[in-house]
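Structure below is data_25.cif: mmCIF, C-alpha atoms.
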```
data_run
loop_
_atom_site.label_atom_id
_atom_site.label_comp_id
_atom_site.auth_asym_id
_atom_site.auth_seq_id
_atom_site.Cartn_x
_atom_site.Cartn_y
_atom_site.Cartn_z
CA MET A 1 9.09 18.98 11.81
CA LYS A 2 12.89 18.90 12.07
CA VAL A 3 12.68 17.46 15.58
CA THR A 4 10.32 14.72 14.38
CA ALA A 5 12.62 13.87 11.47
CA PHE A 6 15.64 13.78 13.79
CA ARG A 7 13.83 11.44 16.16
CA ALA A 8 12.86 9.16 13.27
CA ILE A 9 16.44 9.01 11.99
CA PHE A 10 17.76 8.40 15.50
CA LEU A 11 15.24 5.57 16.04
CA VAL A 12 16.15 3.85 12.78
CA ALA A 13 19.88 4.23 13.49
CA ALA A 14 19.40 2.79 16.98
CA LEU A 15 17.35 -0.14 15.68
CA THR A 16 19.90 -0.85 12.96
CA ALA A 17 22.75 -0.84 15.45
CA ALA A 18 20.76 -3.15 17.74
CA VAL A 19 20.07 -5.55 14.84
CA VAL A 20 23.74 -5.69 13.83
CA LEU A 21 24.76 -6.17 17.46
CA GLY A 22 22.17 -8.92 17.88
CA LEU A 23 23.32 -10.78 14.76
CA GLY A 24 26.93 -10.43 15.87
CA LEU A 25 26.19 -11.84 19.32
CA TYR A 26 24.11 -14.65 17.82
CA ALA A 27 26.67 -15.67 15.23
CA ASP A 28 29.90 -14.65 17.07
CA PHE A 29 31.50 -11.47 15.76
CA GLY A 30 34.74 -13.21 14.77
CA ARG A 31 33.01 -15.86 12.67
CA LEU A 32 30.65 -13.30 11.20
CA GLY A 33 33.64 -11.21 10.13
CA ASP A 34 35.30 -14.27 8.59
CA GLU A 35 32.19 -15.02 6.54
CA LEU A 36 31.94 -11.46 5.29
CA GLY A 37 35.65 -11.52 4.48
CA SER A 38 35.20 -14.64 2.35
CA PHE A 39 32.37 -13.10 0.31
CA ARG A 40 33.04 -12.73 -3.42
CA TRP A 41 32.66 -8.96 -3.49
CA GLU A 42 32.95 -8.81 -7.27
CA LEU A 43 29.38 -10.19 -7.34
CA PHE A 44 27.91 -7.45 -5.16
CA PRO A 45 27.44 -4.94 -8.03
CA LEU A 46 25.26 -7.58 -9.72
CA ALA A 47 23.06 -7.75 -6.63
CA LEU A 48 22.71 -3.95 -6.67
CA ALA A 49 21.90 -3.98 -10.39
CA LEU A 50 19.13 -6.54 -9.86
CA THR A 51 17.70 -4.44 -7.04
CA ALA A 52 17.81 -1.37 -9.28
CA LEU A 53 15.91 -3.33 -11.95
CA ASN A 54 13.21 -3.98 -9.35
CA TYR A 55 12.86 -0.23 -8.83
CA LEU A 56 12.65 0.43 -12.57
CA ILE A 57 9.80 -2.06 -12.89
CA ARG A 58 8.05 -0.51 -9.91
CA PHE A 59 8.50 2.93 -11.49
CA TRP A 60 6.60 1.65 -14.53
CA ARG A 61 3.83 0.59 -12.15
CA TRP A 62 3.87 4.08 -10.58
CA GLN A 63 3.53 5.63 -14.05
CA ARG A 64 0.69 3.29 -14.92
CA TYR A 65 -1.19 4.27 -11.77
CA LEU A 66 -0.65 7.99 -12.37
CA ALA A 67 -1.95 7.62 -15.92
CA ARG A 68 -5.00 5.74 -14.68
CA LEU A 69 -5.87 8.69 -12.42
CA GLU A 70 -4.99 11.19 -15.17
CA ILE A 71 -2.21 12.74 -13.10
CA GLU A 72 0.18 14.31 -15.61
CA VAL A 73 3.80 14.78 -14.56
CA PRO A 74 6.86 15.04 -16.85
CA PRO A 75 8.59 11.61 -16.90
CA ALA A 76 11.92 12.95 -15.60
CA ARG A 77 10.28 14.67 -12.62
CA SER A 78 8.03 11.68 -12.00
CA PHE A 79 11.14 9.47 -11.86
CA ALA A 80 12.90 11.84 -9.45
CA ILE A 81 9.84 11.92 -7.19
CA PHE A 82 9.48 8.13 -7.32
CA VAL A 83 13.14 7.58 -6.42
CA ALA A 84 12.90 10.19 -3.65
CA GLY A 85 10.12 8.09 -2.15
CA LEU A 86 12.58 5.23 -1.66
CA THR A 87 14.02 7.26 1.23
CA MET A 88 10.91 6.22 3.15
CA THR A 89 11.54 2.49 2.65
CA ILE A 90 12.59 2.45 6.32
CA THR A 91 9.15 3.58 7.53
CA PRO A 92 6.57 1.05 8.82
CA ALA A 93 5.04 -0.80 5.83
CA LYS A 94 6.70 1.86 3.63
CA LEU A 95 3.74 4.15 4.24
CA GLY A 96 6.20 7.01 4.52
CA GLU A 97 6.30 6.90 0.73
CA LEU A 98 3.37 9.31 0.98
CA LEU A 99 6.29 11.73 0.70
CA LYS A 100 5.80 11.29 -3.06
CA CYS A 101 2.30 12.74 -2.69
CA ALA A 102 3.66 15.77 -0.85
CA LEU A 103 6.22 16.33 -3.62
CA LEU A 104 3.53 16.04 -6.29
CA ARG A 105 1.42 18.62 -4.46
CA ARG A 106 4.32 21.04 -4.00
CA SER A 107 5.53 21.01 -7.59
CA PHE A 108 2.43 20.11 -9.61
CA ALA A 109 -0.51 21.06 -7.36
CA VAL A 110 -1.80 17.49 -7.26
CA PRO A 111 -4.04 17.10 -4.17
CA VAL A 112 -2.77 14.50 -1.73
CA ARG A 113 -6.26 12.97 -1.62
CA ARG A 114 -5.94 12.28 -5.32
CA SER A 115 -2.41 10.80 -5.32
CA ALA A 116 -2.39 8.97 -1.96
CA PRO A 117 -4.42 6.05 -3.40
CA VAL A 118 -1.46 5.36 -5.70
CA VAL A 119 0.80 4.69 -2.70
CA LEU A 120 -1.83 2.45 -1.10
CA ALA A 121 -2.27 0.52 -4.36
CA GLU A 122 1.51 0.08 -4.52
CA ARG A 123 1.58 -1.39 -1.03
CA VAL A 124 -1.35 -3.71 -1.77
CA THR A 125 0.24 -5.08 -4.94
CA ASP A 126 3.62 -5.32 -3.22
CA ALA A 127 1.93 -7.62 -0.70
CA THR A 128 0.13 -9.70 -3.33
CA GLY A 129 3.28 -9.98 -5.42
CA VAL A 130 5.40 -11.13 -2.48
CA VAL A 131 2.73 -13.64 -1.47
CA VAL A 132 2.78 -15.08 -5.01
CA LEU A 133 6.56 -15.46 -4.77
CA ALA A 134 6.39 -17.08 -1.34
CA VAL A 135 3.85 -19.63 -2.58
CA ALA A 136 5.81 -20.24 -5.79
CA GLY A 137 8.98 -20.77 -3.76
CA GLY A 138 7.22 -23.43 -1.70
CA ALA A 139 6.86 -21.72 1.66
CA GLY A 140 6.62 -24.32 4.41
CA ALA A 141 4.09 -24.82 7.19
CA ARG A 142 5.89 -22.38 9.50
CA SER A 143 5.45 -19.59 6.96
CA TRP A 144 1.78 -20.09 6.15
CA PRO A 145 0.40 -18.08 9.10
CA LEU A 146 2.22 -15.00 7.78
CA ILE A 147 1.04 -15.62 4.23
CA VAL A 148 -2.56 -16.13 5.33
CA LEU A 149 -2.39 -12.97 7.44
CA ALA A 150 -1.08 -10.99 4.47
CA ILE A 151 -3.80 -12.37 2.20
CA VAL A 152 -6.51 -11.55 4.75
CA GLY A 153 -5.15 -8.02 5.06
CA VAL A 154 -5.15 -7.47 1.30
CA VAL A 155 -8.65 -8.92 0.91
CA ALA A 156 -9.90 -6.68 3.73
CA VAL A 157 -8.43 -3.56 2.12
CA VAL A 158 -9.89 -4.39 -1.30
CA ALA A 159 -13.28 -5.23 0.23
CA ILE A 160 -13.40 -1.91 2.12
CA VAL A 161 -12.39 0.01 -1.00
CA ARG A 162 -15.11 -1.61 -3.08
CA SER A 163 -17.82 -1.12 -0.47
CA PRO A 164 -19.89 2.08 -0.20
CA LEU A 165 -18.47 2.59 3.30
CA LEU A 166 -15.82 5.11 2.27
CA GLU A 167 -18.37 7.34 0.58
CA ARG A 168 -19.66 8.33 4.03
CA PHE A 169 -16.42 10.19 4.73
CA ALA A 170 -16.73 13.40 2.74
CA ARG A 171 -13.25 14.49 3.82
CA LEU A 172 -11.75 11.75 1.64
CA GLY A 173 -12.95 13.60 -1.45
CA GLU A 174 -12.05 11.77 -4.64
CA ALA A 175 -9.88 9.16 -2.89
CA PRO A 176 -12.50 6.36 -2.75
CA GLY A 177 -13.15 6.58 -6.48
CA ALA A 178 -9.41 6.65 -7.20
CA LEU A 179 -8.86 3.58 -5.04
CA ARG A 180 -11.59 1.69 -6.87
CA ALA A 181 -10.00 2.58 -10.19
CA LEU A 182 -6.58 1.33 -9.05
CA LEU A 183 -7.77 -1.82 -7.26
CA GLY A 184 -10.21 -3.07 -9.87
CA THR A 185 -9.88 -6.79 -10.55
CA LYS A 186 -8.15 -6.56 -13.93
CA LEU A 187 -5.61 -3.94 -12.93
CA LEU A 188 -5.04 -5.58 -9.53
CA LEU A 189 -4.21 -8.90 -11.16
CA GLY A 190 -1.96 -7.29 -13.75
CA MET A 191 -0.05 -5.25 -11.19
CA THR A 192 0.25 -8.30 -8.92
CA VAL A 193 2.03 -10.15 -11.71
CA LEU A 194 4.22 -7.11 -12.38
CA SER A 195 5.02 -6.81 -8.67
CA ALA A 196 5.91 -10.50 -8.46
CA VAL A 197 8.34 -10.01 -11.36
CA SER A 198 9.86 -6.92 -9.76
CA TRP A 199 10.30 -8.58 -6.37
CA LEU A 200 11.73 -11.65 -8.11
CA CYS A 201 14.60 -9.35 -9.11
CA GLU A 202 15.30 -8.71 -5.42
CA CYS A 203 15.10 -12.44 -4.76
CA LEU A 204 17.76 -12.86 -7.45
CA ALA A 205 19.81 -10.16 -5.72
CA ALA A 206 19.47 -12.13 -2.47
CA TYR A 207 20.55 -15.29 -4.28
CA VAL A 208 23.65 -13.51 -5.59
CA CYS A 209 24.54 -12.72 -1.96
CA VAL A 210 23.93 -16.37 -1.03
CA ARG A 211 26.10 -17.66 -3.87
CA GLY A 212 28.78 -15.09 -3.07
CA LEU A 213 29.11 -16.79 0.32
CA ARG A 214 28.95 -20.25 -1.33
CA LEU A 215 26.02 -21.29 0.86
CA ASP A 216 24.09 -24.52 0.37
CA LEU A 217 20.75 -22.83 -0.32
CA SER A 218 18.73 -23.28 -3.51
CA PHE A 219 17.10 -20.45 -5.43
CA PRO A 220 13.53 -21.55 -4.50
CA ASP A 221 14.58 -21.62 -0.84
CA THR A 222 16.14 -18.17 -1.23
CA ILE A 223 12.81 -16.92 -2.60
CA VAL A 224 11.08 -18.25 0.52
CA VAL A 225 13.71 -16.69 2.80
CA PHE A 226 13.46 -13.27 1.20
CA SER A 227 9.70 -13.13 0.59
CA VAL A 228 8.67 -14.52 3.99
CA GLY A 229 11.27 -12.37 5.78
CA SER A 230 9.98 -9.30 3.95
CA LEU A 231 6.37 -10.13 4.81
CA ALA A 232 7.25 -10.66 8.47
CA GLY A 233 9.05 -7.33 8.54
CA ALA A 234 6.13 -5.51 6.90
CA LEU A 235 3.54 -7.07 9.21
CA SER A 236 5.59 -6.14 12.28
CA LEU A 237 4.99 -2.43 11.45
CA LEU A 238 8.51 -1.67 12.66
CA PRO A 239 10.57 0.83 10.64
CA GLY A 240 11.88 -1.13 7.65
CA GLY A 241 10.86 -4.31 9.45
CA LEU A 242 14.16 -3.97 11.31
CA GLY A 243 14.89 -6.86 13.62
CA VAL A 244 11.96 -9.00 12.53
CA ALA A 245 13.02 -9.32 8.88
CA GLU A 246 16.64 -10.08 9.80
CA THR A 247 15.68 -12.64 12.43
CA SER A 248 13.26 -14.34 10.03
CA MET A 249 15.76 -14.50 7.18
CA THR A 250 18.58 -15.79 9.35
CA GLY A 251 16.40 -18.46 10.93
CA LEU A 252 14.86 -19.59 7.63
CA MET A 253 18.28 -20.02 6.03
CA GLN A 254 19.29 -22.37 8.79
CA VAL A 255 16.03 -24.31 8.57
CA LEU A 256 15.98 -24.62 4.78
CA GLY A 257 19.68 -25.20 4.11
CA ASP A 258 22.85 -26.54 5.65
CA VAL A 259 23.90 -23.05 6.76
CA SER A 260 25.79 -22.10 9.91
CA LYS A 261 24.74 -19.27 12.22
CA ALA A 262 27.59 -17.03 11.04
CA ALA A 263 26.97 -17.71 7.35
CA ALA A 264 23.23 -17.08 7.69
CA ALA A 265 23.84 -13.83 9.60
CA ALA A 266 26.39 -12.68 7.01
CA ALA A 267 24.02 -13.45 4.13
CA THR A 268 21.23 -11.55 5.88
CA LEU A 269 23.40 -8.46 6.38
CA LEU A 270 24.48 -8.50 2.74
CA ILE A 271 20.92 -8.96 1.51
CA ARG A 272 19.63 -6.10 3.61
CA ILE A 273 22.43 -3.80 2.43
CA ALA A 274 21.74 -4.72 -1.21
CA THR A 275 18.00 -4.15 -0.86
CA LEU A 276 16.81 -2.01 2.06
CA TRP A 277 19.81 0.28 2.52
CA PHE A 278 20.56 0.55 -1.19
CA ALA A 279 16.97 1.81 -1.60
CA VAL A 280 17.48 4.42 1.12
CA ALA A 281 20.74 5.59 -0.49
CA LEU A 282 19.09 5.92 -3.89
CA GLY A 283 16.17 7.70 -2.24
CA LEU A 284 18.43 10.31 -0.68
CA LEU A 285 20.03 10.91 -4.08
CA GLY A 286 16.62 11.17 -5.73
CA LEU A 287 15.39 13.55 -3.04
CA ALA A 288 18.41 15.80 -3.55
CA VAL A 289 17.78 15.86 -7.32
CA GLU A 290 14.06 16.56 -6.87
CA GLU A 291 14.79 19.38 -4.41
CA GLY A 292 17.17 20.94 -6.93
CA LEU A 293 14.65 20.65 -9.77
CA ALA A 294 11.87 22.09 -7.60
CA ARG A 295 13.99 25.12 -6.61
CA ARG A 296 14.92 25.67 -10.23
CA GLY A 297 11.26 25.55 -11.23
CA GLN A 298 10.29 28.01 -8.49
CA ALA A 299 13.05 30.40 -9.57
CA ALA A 300 11.85 30.24 -13.18
CA ASP A 301 8.31 31.14 -12.08
#
```
Can the structure from this file be put into structure tokens for me?
Amino acid sequence: MKVTAFRAIFLVAALTAAVVLGLGLYADFGRLGDELGSFRWELFPLALALTALNYLIRFWRWQRYLARLEIEVPPARSFAIFVAGLTMTITPAKLGELLKCALLRRSFAVPVRRSAPVVLAERVTDATGVVVLAVAGGAGARSWPLIVLAIVGVVAVVAIVRSPLLERFARLGEAPGALRALLGTKLLLGMTVLSAVSWLCECLAAYVCVRGLRLDLSFPDTIVVFSVGSLAGALSLLPGGLGVAETSMTGLMQVLGDVSKAAAAAATLLIRIATLWFAVALGLLGLAVEEGLARRGQAAD
């Protein structure tokens, strides 16, 4: 287990270093440094605050899903477990957030088969919410293949969930019924809207980074850059979408605005720090808190 975790961390660190190196070579390290040096760093806390607001909205969605499945967890512990799951933002398609299911099982004896559908529903509505934002931002012809692919994937998942196919797999236990409850039309639409609002907060965080560099890129174009880049990263199935998301964002900025290579690369690095890596940092903090609370609870028993 420890060896696997070490390998995962090493892989992500190596990919991150390769991405930064690639952006530096593409944009010229000197010019990239100049752009980062000119950033209005007093705005960066605002970008982090907007990203944190996204997580608070998504926590409400998590709570709503738990309530729908009648999974009862004290709000403070539920929040710690939810935040701990952000550590796994760097896993392919964020499926590593199944860590939350393992934590629920350890501390509250909730079977993974019962809680895992919550994580899947989160990923589905993340996708639908981001697609809504991409369309609202006016994604161009080059982005439509990704959007169509994401839509097809979501439709396929929902269709499989609603079909009797899953009932043939007895090992899934109550999971098929839980998935149907979470991906019913009314709740799916409501959570899609909620997800679009939450991800809009991260688009605003990205726009703060863009404005901090004084780039000629409108807010609708920033929505397209962030949402399409995020979709491309998720569909790549690489850890955190590393490499694909950064390349997509950097290229889209240059296509949609009058932005130099160095400025686009600098904006991409800042956006990824304010979103992806901020999530991982919060996740590590949440995991430490949850571990402490779990040990305290075990000692009390």
Item to check | Atom pair CA of Leu204 in chain A / CA of Ala14 in chain A: separation (Å) | outcome: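 Answer for the CA of Leu204 in chain A to CA of Ala14 in chain A separation: 29.1 Å.
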Item to check | Answer key for the PyMOL selection byres ((chain A and resi 284-291) around 6), residues as an MDAnalysis selection string | outcome: chainID A and resid 80 83:84 87 281:283 292:294
Checklist entry - Written as a list in words, which residues does the PyMOL selection byres ((chain A and resi 264) around 9) give for the file shown? => result Ala27, Val210, Leu215, Met249, Thr250, Gly251, Leu252, Met253, Gln254, Val259, Ser260, Lys261, Ala262, Ala263, Ala265, Ala266, Ala267, Thr268 and Leu269 of chain A
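Atom to atom, CA of Ala181 in chain A and CA of Leu104 in chain A stand 19.5 Å apart.
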Checklist entry - Using only C-alpha atoms, which of A:Leu133, A:Leu194, A:Ile90, A:Leu25 sits nearest Trp60 in chain A? => result A:Leu194
Item to check | Proximity to Ser198 in chain A - best of A:Thr125, A:Thr89, A:Thr222, A:Gln298, only C-alpha atoms | outcome: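 Among the listed residues, the smallest separation from Ser198 in chain A belongs to A:Thr125.
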Next on the checklist: Report, in Å with one decimal, the straight-line distance from CA of Ala47 in chain A to CA of Val208 in chain A.
Outcome noted: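 Interatomic distance, CA of Ala47 in chain A to CA of Val208 in chain A: 5.9 Å.
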Next on the checklist: The residues within 12 Å of (3.2, 0.6, 8.9), using all atoms listed in the file and the coordinates of the file, should be reported as a list in words; which are they?
Outcome noted: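 In the file's frame, the residues around the point are Met88, Thr89, Ile90, Thr91, Pro92, Ala93, Lys94, Leu95, Gly96, Glu97, Leu98, Leu120, Arg123, Leu231, Ala232, Gly233, Ala234, Leu235, Ser236, Leu237, Leu238, Pro239, Gly240 and Gly241 of chain A.
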Checklist entry - Hey, what comes out of the PyMOL selection byres ((chain A and resi 184) around 12) on this file? Could you write it as a PyMOL selection string? => result chain A and resi 65+68+121+125+158-159+161-162+177-183+185-192
Next on the checklist: Would you pick out the contacts of Leu69 in chain A at 12 Å or less, using all atoms listed in the file, so that residues sharing its chain but fewer than 2 positions from it are not included, and give the list as a ChimeraX atom specification?
Outcome noted: /A:62-67,71-73,110-111,113-118,174-183
Item to check | Asp126 in chain A environment, 8 Å, all atoms listed in the file, sequence neighbours closer than 4 positions dropped, as number ranges by chain | outcome: A: 122, 130, 192, 195-196
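Every protein, DNA or RNA residue with an atom at most 8 Å from Asp221 in chain A, where all atoms listed in the file count and chain neighbours fewer than 5 positions away do not, is listed here: Gly137, Gly138, Met253, Leu256 and Gly257 of chain A.
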Checklist entry - Between A:Leu56, A:Gly212, A:Cys201, A:Gly243, which one has atoms that come closest to Leu36 in chain A, using only C-alpha atoms? => result A:Gly212
